[in-house]
Structures are given as C-alpha cells and as structure tokens.
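Novice: The structure under discussion is supplied below as structure tokens; questions concerning it will follow.
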Amino acid sequence: MTFPQQPQQPQYPQYPQGPAPQYPQSQFPQQLQQPNRNPFFEWLQRAKRDFSRIGASLCLMVIIWYAGVFLLKGVVGAVAGGVGAGGDMPNWMTFLISDVPLYLIAMPVAVVLMGKSTVIETRKFNMKPGMFVKLLLMCLPMMWVGSMVGSMLSLALSDGEATNRVADLAMQTNVWNVVFMVILGPIFEEWMFRKQLIDHTRKYGEKTAILLSGLAFGLFHMNLFQFFYAFLLGVMFGYIYMRTSKLRYSTAMHMIINFNGGVLAPWILTRVDLDQLDKVSQAAENGNVAAMEQWASQNATGLAIMLVYFLLYGAVILAGFVLLIRNFRKAEFYTAPEELPRGVRAQTVYGNVGMITFIVVTVLLTAISLFL
C-alpha cells in the first residue's frame with residue numbers, strides 16, 4: 001500500500017539510491033580486512049550475538065514477571081488472609097498483581113539488557129486519518145481469524161477442557177478493564193514490542209524486525225487462545241510503526257481493539273442472560289416452547305443490542321477482508337543498512353541461544369496454561 005502519502009522517501013537517510021549493500025563496509029574495523037579473516041562471517045556472528053542478547057532479555061523478562069507475580073500473590077495471601085486462593089480474587093487485584101511486576105520491573109530490565117548498540121535513527125512520518133481507519137479495518141479480520149484458529153486448536157488439543165482465562169477475566173466488566181486492558185496494556189506492550197524490539201532490530205531488515213516483533217508479541221501472551229491473533233496484529237502494528245516511526249498510531253489501534261474485546265463485547269454479552277438460555281433451550285427441546293418465548297421477551301432489549309453489534313462487526317470484518325486482499329501486495333519495504341541475506345536470515349535471527357531459550361520457555365508456559 002502507498003503509505004505514507006507521496007512523496008515517499010526511505011526512512012534511513014544514509015541509504016544510497018538502489019539496493020543497499022548486504023552489510024556496510026564502514027561497520028567493520030580495519031583489522032577485519034586482514035588476510036585469513038572473513039568480514040562477512042564476522043558480521044553475521046555479531047548479528048547473531050545481537051539477536052541472542054535480545055532473546056535472552058525477553059526470556060529474562062518473562063522469568064522476572066512470573067517471579068514477581070508469584071511473590072505478590074504470596075504477599076497478598078499473607079496480608080489478606082488467603083484472598084484469591086480459591087479463585088475469588090477481584091479482577092482489579094488480578095490485574096495489579098500481574099501488571100506491576102511486568103510493566104514496572106520486567107520490561108524495563110529487559111530493555112536495559114538489550115543495550116543500544118543496534119538502535120539506529122530514523123525519520124518520522126505522520127499518518128492521515130483515512131489511512132488510520134483503513135489499516136484499523138484491516139486489523140479486524142486478522143483478529144477474527146486468529147481468534148478462531150487459536151480457540152479451535154486450544155479446544156482440540158485439550159479435548160474441550162481448556163478455558164480462555166483472559167476472556168473470563170474480561171467478562172467481569174468494570175472500570176478496571178478500561179484502566180488495565182485498554183489504557184495501560186497497549187501503552188506498555190507497544191513500547192516494548194514495537195518501539196524497543198523494532199528499534200533494536202530494524203537495521204538488519206524491516207521484514208525481519210516486523211516478523212520478530214509479531215512472533216515475540218504472540219509468544220509473550222503464553223496463551224494459545226491468543227497466540228495467533230496476537231501474532232497477526234503484532235505484524236500489522238509492526239508495519240505501521242516501521243512506516244511511521246511513531247508509536248501513537250499502533251498504540252491507538254491496540255487500544256481500540258482491546259476496548260472492543262475487553263469492554264464492549266463483554267458488556268453486550270452481559271445484556272443477555274446466557275446461563276438461563278441454556279436451561280430454556282433444553283426445556284424447548286422437551287416441548288416447553290413457552291419457556292423460550294418468555295426468556296426472549298425478558299431479554300428483548302439485550303438481544304436487539306447483540307444483533308446490531310454482531311451485524312456491524314460482521315460488516316467491518318468483511319470490509320477489512322476486502323481491504324486486505326486489495327492492499328496486501330502494496331506494502332512498502334526498504335533495504336536496511338545491514339540487511340541480512342535470505343540464505344542466513346532465519347538462522348541468524350532464531351538459531352541462537354537467547355532466542356531458542358525464549359521460544360522454548362514461552363511455548364512450555366503456553367502448554368502448561370492450556371492443560372492446567
């Protein structure tokens with residue numbers, strides 16, 4: 001897609017016209033040009049160390065996060081006399097115990113450990129409102145498809161026993177959903193997975209940085225119900241940040257999507273007595289049609305609101321599909337200062353100790369959350 005509007009210029013002012021070299025000669029110290037030394041190999045090894053450090057930082061972020069949650073739960077249990085031990089913890093306390101160690105400790109520590117040696121300066125671009133709406137619409141079918149795949153796979157692997165704990169938490173509709181899911185979550189997550197992760201990796205290739213950002217974002221949720229849509233949205237948000245170098249746009253989209261999934265949709269579902277619906281449905285199957293008619297009359301307003309919502313949601317998803325199909329091949333990418341060659345790209349980015357450890361740890365935690 002043409003984005004931002006013409007005239008379009010590469011974000012990296014140091015680019016020459018035409019394809020950039022696979023690695024800049026100016027990056028190598030003079031001694032690397034000595035006989036029996038392979039500067040290309042030395043450069044790849046340095047890139048692999050950079051990605052390993054980033055992967056190790058992400059892994060440590062997860063470990064610190066889980067350790068902090070464990071400690072806070074212990075403190076709350078000791079102070080409040082076992083509150084939450086039986087699953088009766090209010091959602092504001094659940095959010096607080098989960099988010100404080102993550103946002104205030106784990107994420108800042110990970111960013112410090114990543115260092116700044118790989119960060120490069122880029123030009124910034126504004127996005128027009130029409131383009132913002134267009135890209136937001138394109139996010140919705142990605143969200144829907146990813147959610148469907150994640151739900152079906154989770155239920156298939158667990159024989160229908162798995163539950164989406166995030167969705168259950170969101171159903172406790174109150175102001176804390178807005179504070180933590182709509183405001184704080186998108187701000188900190190976009191800062192970490194778009195700004196920090198892409199800024200630290202974009203010099204090795206724009207597509208490389210975007211895909212890594214999406215994959216890390218999906219794995220970070222450690223929830224198979226969420227993995228696929230988080231990955232797809234992470235890729236889209238990464239592209240938006242890559243083309244603008246401004247965090248405000250992806251953060252705003254993240255907030256809107258979380259508001260729909262964490263506030264609006266749960267509120268609409270609570271307008272209808274779904275628990276009673278199961279009972280009257282069974283009664284209707286046994287010939288008691290009057291019970292179903294009575295339930296429908298009692299929930300007429302809620303049913304009308306739900307019908308309007310799902311019709312509108314289906315319409316925007318369809319519009320998003322059309323926009324995705326028409327604009328998928330119009331995405332623009334530029335050659336980065338140290339673009340990794342195709343043949344060694346995946347091995348360099350993911351075939352290192354740090355990244356492998358991060359992937360293994362998050363996959364194991366995802367499996368544990370699915371089956372426990």
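Ordering of the structure tokens sets the chain letters (A, B, ...); residue numbers start at 1 within each chain; ligands are numbered from 1 in the order shown.
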Identify, on the basis of only C-alpha atoms, every residue whose closest approach to Arg271 in chain A does not exceed 12 Å; exclude the query and any residue fewer than 3 positions from it along the same chain; express the result as JSON, numbers by chain.

Specialist: {"A": [171, 173, 264, 265, 266, 267, 268, 274, 275, 298, 299, 300, 301, 302, 303, 304, 305, 306, 307, 309]}

Novice: Can you list, as an NGL selection string, every residue of range 56-246 of chain A that DSSP puts in alpha helix (DSSP H)?

Specialist: :A and (56-79 or 91-101 or 107-114 or 129-157 or 165-170 or 175-176 or 185-190 or 197-201 or 206-221 or 224-244)

Novice: Point out the residue among A:Met107, A:Leu60, A:Leu135, A:Val166 with the least atom-to-atom distance to Tyr239 in chain A, counting only C-alpha atoms.

Specialist: A:Leu135

Novice: Would you mind listing what lies within 9 Å of Val109 in chain A as a VMD selection string, with only C-alpha atoms counted and same-chain residues fewer than 6 positions away left out?

Specialist: chain A and resid 57 60 to 61 64

Novice: Have a look at A:Leu232, A:Leu269, A:Ala56, A:Val289 and name the one nearest to Val145 in chain A; count only C-alpha atoms.

Specialist: A:Leu232

Novice: Would you kindly return, as a PyMOL selection string, each protein, DNA or RNA residue with an atom no farther than 12 Å from any atom of Val344 in chain A, considering only C-alpha atoms and excluding same-chain residues fewer than 6 positions away?

Specialist: chain A and resi 22+40-41+43-45+47-48+204+208+350-351

Novice: For CA of Phe132 in chain A and CA of Ala331 in chain A, quote the distance in Å rounded to one decimal.

Specialist: 14.6 Å

Novice: Can you tell me how far CA of Trp295 in chain A sits from CA of Gln276 in chain A, in Å to one decimal?

Specialist: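 Going from CA of Trp295 in chain A over to CA of Gln276 in chain A, I get 7.9 Å.
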
Novice: To one decimal place in Å, what is the distance between CA of Met181 in chain A and CA of His221 in chain A?

Specialist: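 Going from CA of Met181 in chain A over to CA of His221 in chain A, I get 13.2 Å.
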
Novice: Could you list, as a list in words, every residue within 9 Å of Phe220 in chain A, counting only C-alpha atoms and ignoring same-chain residues fewer than 3 positions away?

Specialist: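 Residues near the query, excluding close chain neighbours: Leu58, Val62, Leu215, Ala216, Phe217, Asn223, Phe227 and Thr362 of chain A.
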
Novice: Save out the residues we just selected, all heavy atoms, as a short mmCIF file (atom, residue, chain, number, x, y, z; two decimals), in the first residue's frame.

Specialist:
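Generated output (again.cif):
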data_model
loop_
_atom_site.label_atom_id
_atom_site.label_comp_id
_atom_site.auth_asym_id
_atom_site.auth_seq_id
_atom_site.Cartn_x
_atom_site.Cartn_y
_atom_site.Cartn_z
N LEU A 58 14.35 -10.95 26.51
CA LEU A 58 12.92 -11.27 26.52
C LEU A 58 12.63 -12.45 27.45
O LEU A 58 11.63 -12.45 28.17
CB LEU A 58 12.45 -11.59 25.10
CG LEU A 58 12.44 -10.43 24.10
CD1 LEU A 58 12.11 -10.93 22.70
CD2 LEU A 58 11.46 -9.35 24.52
N VAL A 62 10.26 -12.55 30.98
CA VAL A 62 9.21 -13.49 31.35
C VAL A 62 9.48 -14.09 32.73
O VAL A 62 8.57 -14.21 33.56
CB VAL A 62 9.09 -14.60 30.29
CG1 VAL A 62 8.15 -15.70 30.75
CG2 VAL A 62 8.62 -14.01 28.96
N LEU A 215 6.09 -12.27 16.31
CA LEU A 215 6.28 -13.57 16.95
C LEU A 215 6.50 -13.42 18.45
O LEU A 215 5.90 -14.14 19.26
CB LEU A 215 7.46 -14.31 16.32
CG LEU A 215 7.79 -15.67 16.93
CD1 LEU A 215 6.62 -16.64 16.75
CD2 LEU A 215 9.07 -16.24 16.31
N ALA A 216 7.35 -12.48 18.83
CA ALA A 216 7.61 -12.25 20.26
C ALA A 216 6.34 -11.80 20.97
O ALA A 216 6.07 -12.22 22.11
CB ALA A 216 8.72 -11.22 20.43
N PHE A 217 5.55 -10.98 20.32
CA PHE A 217 4.30 -10.50 20.91
C PHE A 217 3.32 -11.65 21.10
O PHE A 217 2.64 -11.74 22.14
CB PHE A 217 3.70 -9.42 20.00
CG PHE A 217 2.49 -8.74 20.57
CD1 PHE A 217 2.55 -8.10 21.79
CD2 PHE A 217 1.29 -8.72 19.87
CE1 PHE A 217 1.43 -7.46 22.32
CE2 PHE A 217 0.18 -8.08 20.38
CZ PHE A 217 0.25 -7.45 21.60
N ASN A 223 -0.58 -17.92 25.79
CA ASN A 223 -1.98 -18.35 25.79
C ASN A 223 -2.31 -18.73 24.35
O ASN A 223 -2.33 -17.87 23.47
CB ASN A 223 -2.88 -17.21 26.28
CG ASN A 223 -4.34 -17.62 26.37
OD1 ASN A 223 -4.79 -18.56 25.74
ND2 ASN A 223 -5.09 -16.87 27.17
N PHE A 227 -2.50 -16.58 20.86
CA PHE A 227 -1.24 -16.53 20.11
C PHE A 227 -1.42 -16.07 18.67
O PHE A 227 -0.70 -15.17 18.21
CB PHE A 227 -0.55 -17.90 20.12
CG PHE A 227 0.63 -17.95 19.18
CD1 PHE A 227 1.83 -17.37 19.53
CD2 PHE A 227 0.52 -18.55 17.93
CE1 PHE A 227 2.92 -17.39 18.66
CE2 PHE A 227 1.59 -18.58 17.06
CZ PHE A 227 2.79 -18.00 17.43
N THR A 362 8.57 -19.87 26.58
CA THR A 362 7.21 -19.38 26.37
C THR A 362 6.29 -20.48 25.84
O THR A 362 5.11 -20.53 26.21
CB THR A 362 7.20 -18.18 25.41
OG1 THR A 362 7.94 -18.49 24.21
CG2 THR A 362 7.81 -16.96 26.07
#

Novice: So that I can check the surroundings of range 92-98 of chain A, please list as a list in words every protein, DNA and RNA residue that reaches within 8 Å of it, counting only C-alpha atoms and ignoring chain neighbours fewer than 3 positions away.

Specialist: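 Selected residues are Trp65, Val69, Leu72, Lys73, Met89, Pro101, Leu102, Trp176 and Phe180 of chain A.
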
Novice: Kindly export the residues of the current selection with all heavy atoms, as a short mmCIF file (atom, residue, chain, number, x, y, z; two decimals), in the first residue's frame.

Specialist:
data_model
loop_
_atom_site.label_atom_id
_atom_site.label_comp_id
_atom_site.auth_asym_id
_atom_site.auth_seq_id
_atom_site.Cartn_x
_atom_site.Cartn_y
_atom_site.Cartn_z
N TRP A 65 8.87 -11.53 35.42
CA TRP A 65 7.42 -11.31 35.50
C TRP A 65 6.77 -12.41 36.34
O TRP A 65 6.03 -12.11 37.29
CB TRP A 65 6.87 -11.28 34.09
CG TRP A 65 5.38 -11.10 34.00
CD1 TRP A 65 4.54 -10.58 34.94
CD2 TRP A 65 4.56 -11.44 32.88
NE1 TRP A 65 3.25 -10.58 34.49
CE2 TRP A 65 3.22 -11.10 33.23
CE3 TRP A 65 4.82 -11.99 31.62
CZ2 TRP A 65 2.16 -11.30 32.34
CZ3 TRP A 65 3.76 -12.18 30.75
CH2 TRP A 65 2.45 -11.84 31.11
N VAL A 69 4.97 -12.04 40.02
CA VAL A 69 3.58 -12.42 40.26
C VAL A 69 3.49 -13.42 41.42
O VAL A 69 2.62 -13.31 42.29
CB VAL A 69 2.96 -13.01 38.98
CG1 VAL A 69 1.60 -13.65 39.28
CG2 VAL A 69 2.82 -11.93 37.91
N LEU A 72 4.09 -11.51 44.69
CA LEU A 72 2.96 -10.64 45.05
C LEU A 72 1.76 -11.44 45.50
O LEU A 72 1.05 -11.05 46.44
CB LEU A 72 2.58 -9.77 43.85
CG LEU A 72 3.36 -8.46 43.69
CD1 LEU A 72 2.84 -7.67 42.49
CD2 LEU A 72 3.25 -7.61 44.95
N LYS A 73 1.52 -12.59 44.86
CA LYS A 73 0.41 -13.43 45.30
C LYS A 73 0.64 -13.93 46.72
O LYS A 73 -0.30 -13.99 47.53
CB LYS A 73 0.26 -14.63 44.36
CG LYS A 73 -0.48 -14.32 43.08
CD LYS A 73 -0.72 -15.59 42.27
CE LYS A 73 -1.56 -15.30 41.03
NZ LYS A 73 -1.79 -16.54 40.23
N MET A 89 -10.46 -13.89 43.71
CA MET A 89 -9.76 -12.62 43.70
C MET A 89 -10.47 -11.65 42.75
O MET A 89 -10.79 -12.02 41.62
CB MET A 89 -8.31 -12.82 43.25
CG MET A 89 -7.45 -11.57 43.31
SD MET A 89 -5.75 -11.90 42.74
CE MET A 89 -5.19 -13.04 43.99
N PRO A 101 4.57 -6.17 38.27
CA PRO A 101 5.91 -6.75 38.02
C PRO A 101 6.32 -6.67 36.55
O PRO A 101 7.50 -6.50 36.25
CB PRO A 101 5.77 -8.22 38.47
CG PRO A 101 4.56 -8.25 39.33
CD PRO A 101 3.65 -7.19 38.81
N LEU A 102 5.35 -6.79 35.64
CA LEU A 102 5.67 -6.77 34.22
C LEU A 102 6.05 -5.38 33.73
O LEU A 102 7.12 -5.19 33.13
CB LEU A 102 4.47 -7.29 33.41
CG LEU A 102 4.62 -7.24 31.89
CD1 LEU A 102 5.78 -8.11 31.42
CD2 LEU A 102 3.32 -7.67 31.22
N TRP A 176 -11.95 -1.28 35.77
CA TRP A 176 -10.58 -1.78 35.77
C TRP A 176 -10.21 -2.40 34.43
O TRP A 176 -9.04 -2.42 34.06
CB TRP A 176 -10.38 -2.77 36.91
CG TRP A 176 -10.62 -2.14 38.24
CD1 TRP A 176 -11.65 -2.38 39.11
CD2 TRP A 176 -9.83 -1.10 38.85
NE1 TRP A 176 -11.56 -1.59 40.22
CE2 TRP A 176 -10.45 -0.79 40.09
CE3 TRP A 176 -8.68 -0.41 38.48
CZ2 TRP A 176 -9.94 0.18 40.94
CZ3 TRP A 176 -8.17 0.56 39.32
CH2 TRP A 176 -8.80 0.84 40.54
N PHE A 180 -6.65 -1.19 32.79
CA PHE A 180 -5.55 -2.11 32.55
C PHE A 180 -5.52 -2.67 31.13
O PHE A 180 -4.45 -2.78 30.53
CB PHE A 180 -5.60 -3.25 33.57
CG PHE A 180 -5.23 -2.85 34.96
CD1 PHE A 180 -6.21 -2.56 35.90
CD2 PHE A 180 -3.90 -2.75 35.33
CE1 PHE A 180 -5.86 -2.18 37.19
CE2 PHE A 180 -3.54 -2.37 36.62
CZ PHE A 180 -4.53 -2.08 37.56
#

Novice: Using only C-alpha atoms, can you tell me which of A:Leu372, A:Cys139, A:Met242, A:Leu224 comes closest to Met152 in chain A?

Specialist: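 Of the candidates, the smallest distance to Met152 in chain A is held by A:Leu224.
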
Novice: Measuring between only C-alpha atoms, which one of A:Ile120, A:Val280, A:Leu136, A:Leu247 shows the shortest distance to Met292 in chain A?

Specialist: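 Between A:Ile120, A:Val280, A:Leu136, A:Leu247, the residue approaching Met292 in chain A most closely is A:Val280.
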
Novice: Skipping near chain neighbours, those fewer than 6 positions away, what residues fall within 9 Å of range 318-326 of chain A using only C-alpha atoms, listed as a PyMOL selection string?

Specialist: chain A and resi 1+134-142

Novice: Taking only C-alpha atoms into account, which of A:Tyr103, A:Trp191, A:Phe333, A:Trp144 comes nearest Phe228 in chain A?

Specialist: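 For Phe228 in chain A, the nearest of the given residues is A:Trp144.
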